[in-house]
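Written below as structure tokens is the structure these notes are about.
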Amino acid sequence: MKVRLPTTRLLSTLLTLHLAAGLCASGAAAQQRAAAPRTEPIARITYSGEMASLLAKMAQEFGVNVGLVIDANQLRRPVKLDLNYPTMPDVLDAVVKSAPGFEWRETVGGVEVSTVRGGSALLDAPISSFRVSDVDQAEAVELLMSLPEVRASLAEMNLQYRSPGGAAARSAGERFSLELEGMSLRQALNKIVERSGSRFWLFRKFGGAPEGDFITIGIKDR
């Protein structure tokens, strides 16, 4: 069975997959639980559109936590791929091949896609303890970024954090509680998106603002 993904920019945010085992669950239903790593193959993926939209959908379909670290002016970076019975590494290899200057690597608890010059040192910031109760993904990220140790790391790197606006700031997945200790900011983000069911986080850096560079961390607009 062939998987066809929309080819226009408008439709690329409405990704619909026809899977080898039948139709996947709707986006709303898929977000009600953390997707387990898939066992049945996707017969074929044919895609032309934004990198972030594809990675967000593949993260859910394969049940793999994926982080995308990208400059804001590259958010709509297009990719094109046509794969038969791909694994998640096959998809990631095809993405970075289609987007020269990007690479992917395995991290603790997931994978990360970024430019070849590297991601952000902020993601290595240590988190001693993080506890949240009855939150959604967006709320959990906001609380994580408000930790004193994260704020201190932001200040050391001359960065500011801003909440993402629009659809990226809306609820993502079920409400949950979480207790984490002794990990990096990157690992904490992986745990949050796994628990929420979205499986995807998006780190955007904005440069050139009068008050200095700033970042947002959210999900891909749906």
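Following the order of the structure tokens, chains are lettered A, B, ..., residues in each are numbered from 1, and ligands are numbered from 1.
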Residues near segment 77-87 of chain A, cut-off 6 Å, only C-alpha atoms, skip fewer than 5 positions along chain, as JSON, numbers by chain: {"A": [41, 42, 43, 44, 45, 46, 47, 48, 49, 50, 51, 98]}
Mind checking DSSP for segment 123-221 of chain A and telling me the helix (DSSP H, G or I) residues as a short mmCIF file (atom, residue, chain, number, x, y, z; two decimals) with N, CA and C atoms, in the first residue's frame?
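File produced: selection-v8.cif:
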```
data_model
loop_
_atom_site.label_atom_id
_atom_site.label_comp_id
_atom_site.auth_asym_id
_atom_site.auth_seq_id
_atom_site.Cartn_x
_atom_site.Cartn_y
_atom_site.Cartn_z
N LEU A 123 20.72 22.93 25.57
CA LEU A 123 20.06 21.65 25.75
C LEU A 123 20.84 20.70 26.66
N ASP A 124 22.11 21.02 26.89
CA ASP A 124 22.92 20.23 27.81
C ASP A 124 22.83 20.73 29.25
N GLN A 137 1.54 19.25 27.54
CA GLN A 137 2.93 19.42 27.10
C GLN A 137 3.37 20.88 27.15
N ALA A 138 2.54 21.78 26.66
CA ALA A 138 2.92 23.20 26.62
C ALA A 138 3.17 23.73 28.03
N GLU A 139 2.29 23.37 28.97
CA GLU A 139 2.46 23.82 30.35
C GLU A 139 3.72 23.24 30.97
N ALA A 140 3.99 21.98 30.69
CA ALA A 140 5.19 21.34 31.25
C ALA A 140 6.45 22.02 30.75
N VAL A 141 6.49 22.35 29.46
CA VAL A 141 7.68 23.02 28.90
C VAL A 141 7.86 24.39 29.54
N GLU A 142 6.76 25.13 29.72
CA GLU A 142 6.87 26.44 30.35
C GLU A 142 7.43 26.34 31.76
N LEU A 143 6.97 25.35 32.52
CA LEU A 143 7.47 25.17 33.88
C LEU A 143 8.93 24.73 33.88
N LEU A 144 9.28 23.88 32.92
CA LEU A 144 10.68 23.45 32.80
C LEU A 144 11.59 24.64 32.52
N MET A 145 11.18 25.50 31.61
CA MET A 145 12.02 26.64 31.24
C MET A 145 12.07 27.72 32.31
N PRO A 148 15.07 27.74 37.98
CA PRO A 148 16.20 28.65 38.20
C PRO A 148 17.47 28.23 37.48
N GLU A 149 17.76 26.94 37.43
CA GLU A 149 18.98 26.49 36.77
C GLU A 149 18.93 26.69 35.26
N VAL A 150 17.72 26.58 34.67
CA VAL A 150 17.58 26.85 33.24
C VAL A 150 17.73 28.35 32.99
N ARG A 151 17.11 29.15 33.84
CA ARG A 151 17.23 30.61 33.70
C ARG A 151 18.70 31.04 33.82
N ALA A 152 19.43 30.40 34.72
CA ALA A 152 20.85 30.74 34.88
C ALA A 152 21.64 30.37 33.63
N SER A 153 21.33 29.24 33.04
CA SER A 153 22.02 28.84 31.80
C SER A 153 21.69 29.78 30.66
N LEU A 154 20.44 30.22 30.57
CA LEU A 154 20.05 31.19 29.55
C LEU A 154 20.86 32.48 29.70
N ALA A 155 20.98 32.94 30.93
CA ALA A 155 21.71 34.18 31.18
C ALA A 155 23.19 34.03 30.81
N GLU A 156 23.77 32.88 31.14
CA GLU A 156 25.18 32.64 30.82
C GLU A 156 25.43 32.66 29.31
N GLY A 166 0.60 31.39 19.02
CA GLY A 166 -0.26 30.71 18.06
C GLY A 166 -0.52 29.27 18.44
N ALA A 167 -0.66 28.42 17.41
CA ALA A 167 -1.01 27.02 17.64
C ALA A 167 0.06 26.28 18.42
N ALA A 168 1.33 26.75 18.30
CA ALA A 168 2.42 26.07 18.98
C ALA A 168 2.31 26.17 20.49
N ALA A 169 1.51 27.13 20.98
CA ALA A 169 1.37 27.31 22.42
C ALA A 169 0.17 26.56 22.98
N LEU A 185 18.48 19.23 30.04
CA LEU A 185 17.27 19.85 29.50
C LEU A 185 16.76 19.04 28.32
N ARG A 186 17.65 18.59 27.46
CA ARG A 186 17.26 17.78 26.29
C ARG A 186 16.54 16.50 26.73
N GLN A 187 17.10 15.80 27.71
CA GLN A 187 16.47 14.57 28.20
C GLN A 187 15.10 14.86 28.81
N ALA A 188 14.99 15.97 29.51
CA ALA A 188 13.70 16.33 30.11
C ALA A 188 12.66 16.61 29.03
N LEU A 189 13.06 17.28 27.96
CA LEU A 189 12.14 17.52 26.85
C LEU A 189 11.69 16.21 26.22
N ASN A 190 12.62 15.27 26.06
CA ASN A 190 12.25 13.97 25.51
C ASN A 190 11.23 13.27 26.40
N LYS A 191 11.42 13.35 27.71
CA LYS A 191 10.48 12.72 28.63
C LYS A 191 9.10 13.38 28.55
N ILE A 192 9.09 14.70 28.43
CA ILE A 192 7.81 15.42 28.36
C ILE A 192 7.03 15.03 27.11
N VAL A 193 7.69 15.04 25.95
CA VAL A 193 6.94 14.74 24.72
C VAL A 193 6.55 13.27 24.64
N GLU A 194 7.34 12.41 25.26
CA GLU A 194 6.97 10.99 25.31
C GLU A 194 5.71 10.81 26.15
N ARG A 195 5.69 11.48 27.28
CA ARG A 195 4.54 11.34 28.18
C ARG A 195 3.29 11.98 27.59
N SER A 196 3.45 13.08 26.88
CA SER A 196 2.28 13.76 26.31
C SER A 196 1.72 13.02 25.10
#
```
Contacts of Met58 of chain A within 10 Å, only C-alpha atoms, excl. fewer than 3 positions in-chain, as JSON, numbers by chain: {"A": [15, 17, 52, 53, 54, 55, 61, 62, 63, 64, 65, 66, 88, 91, 92, 199, 200]}
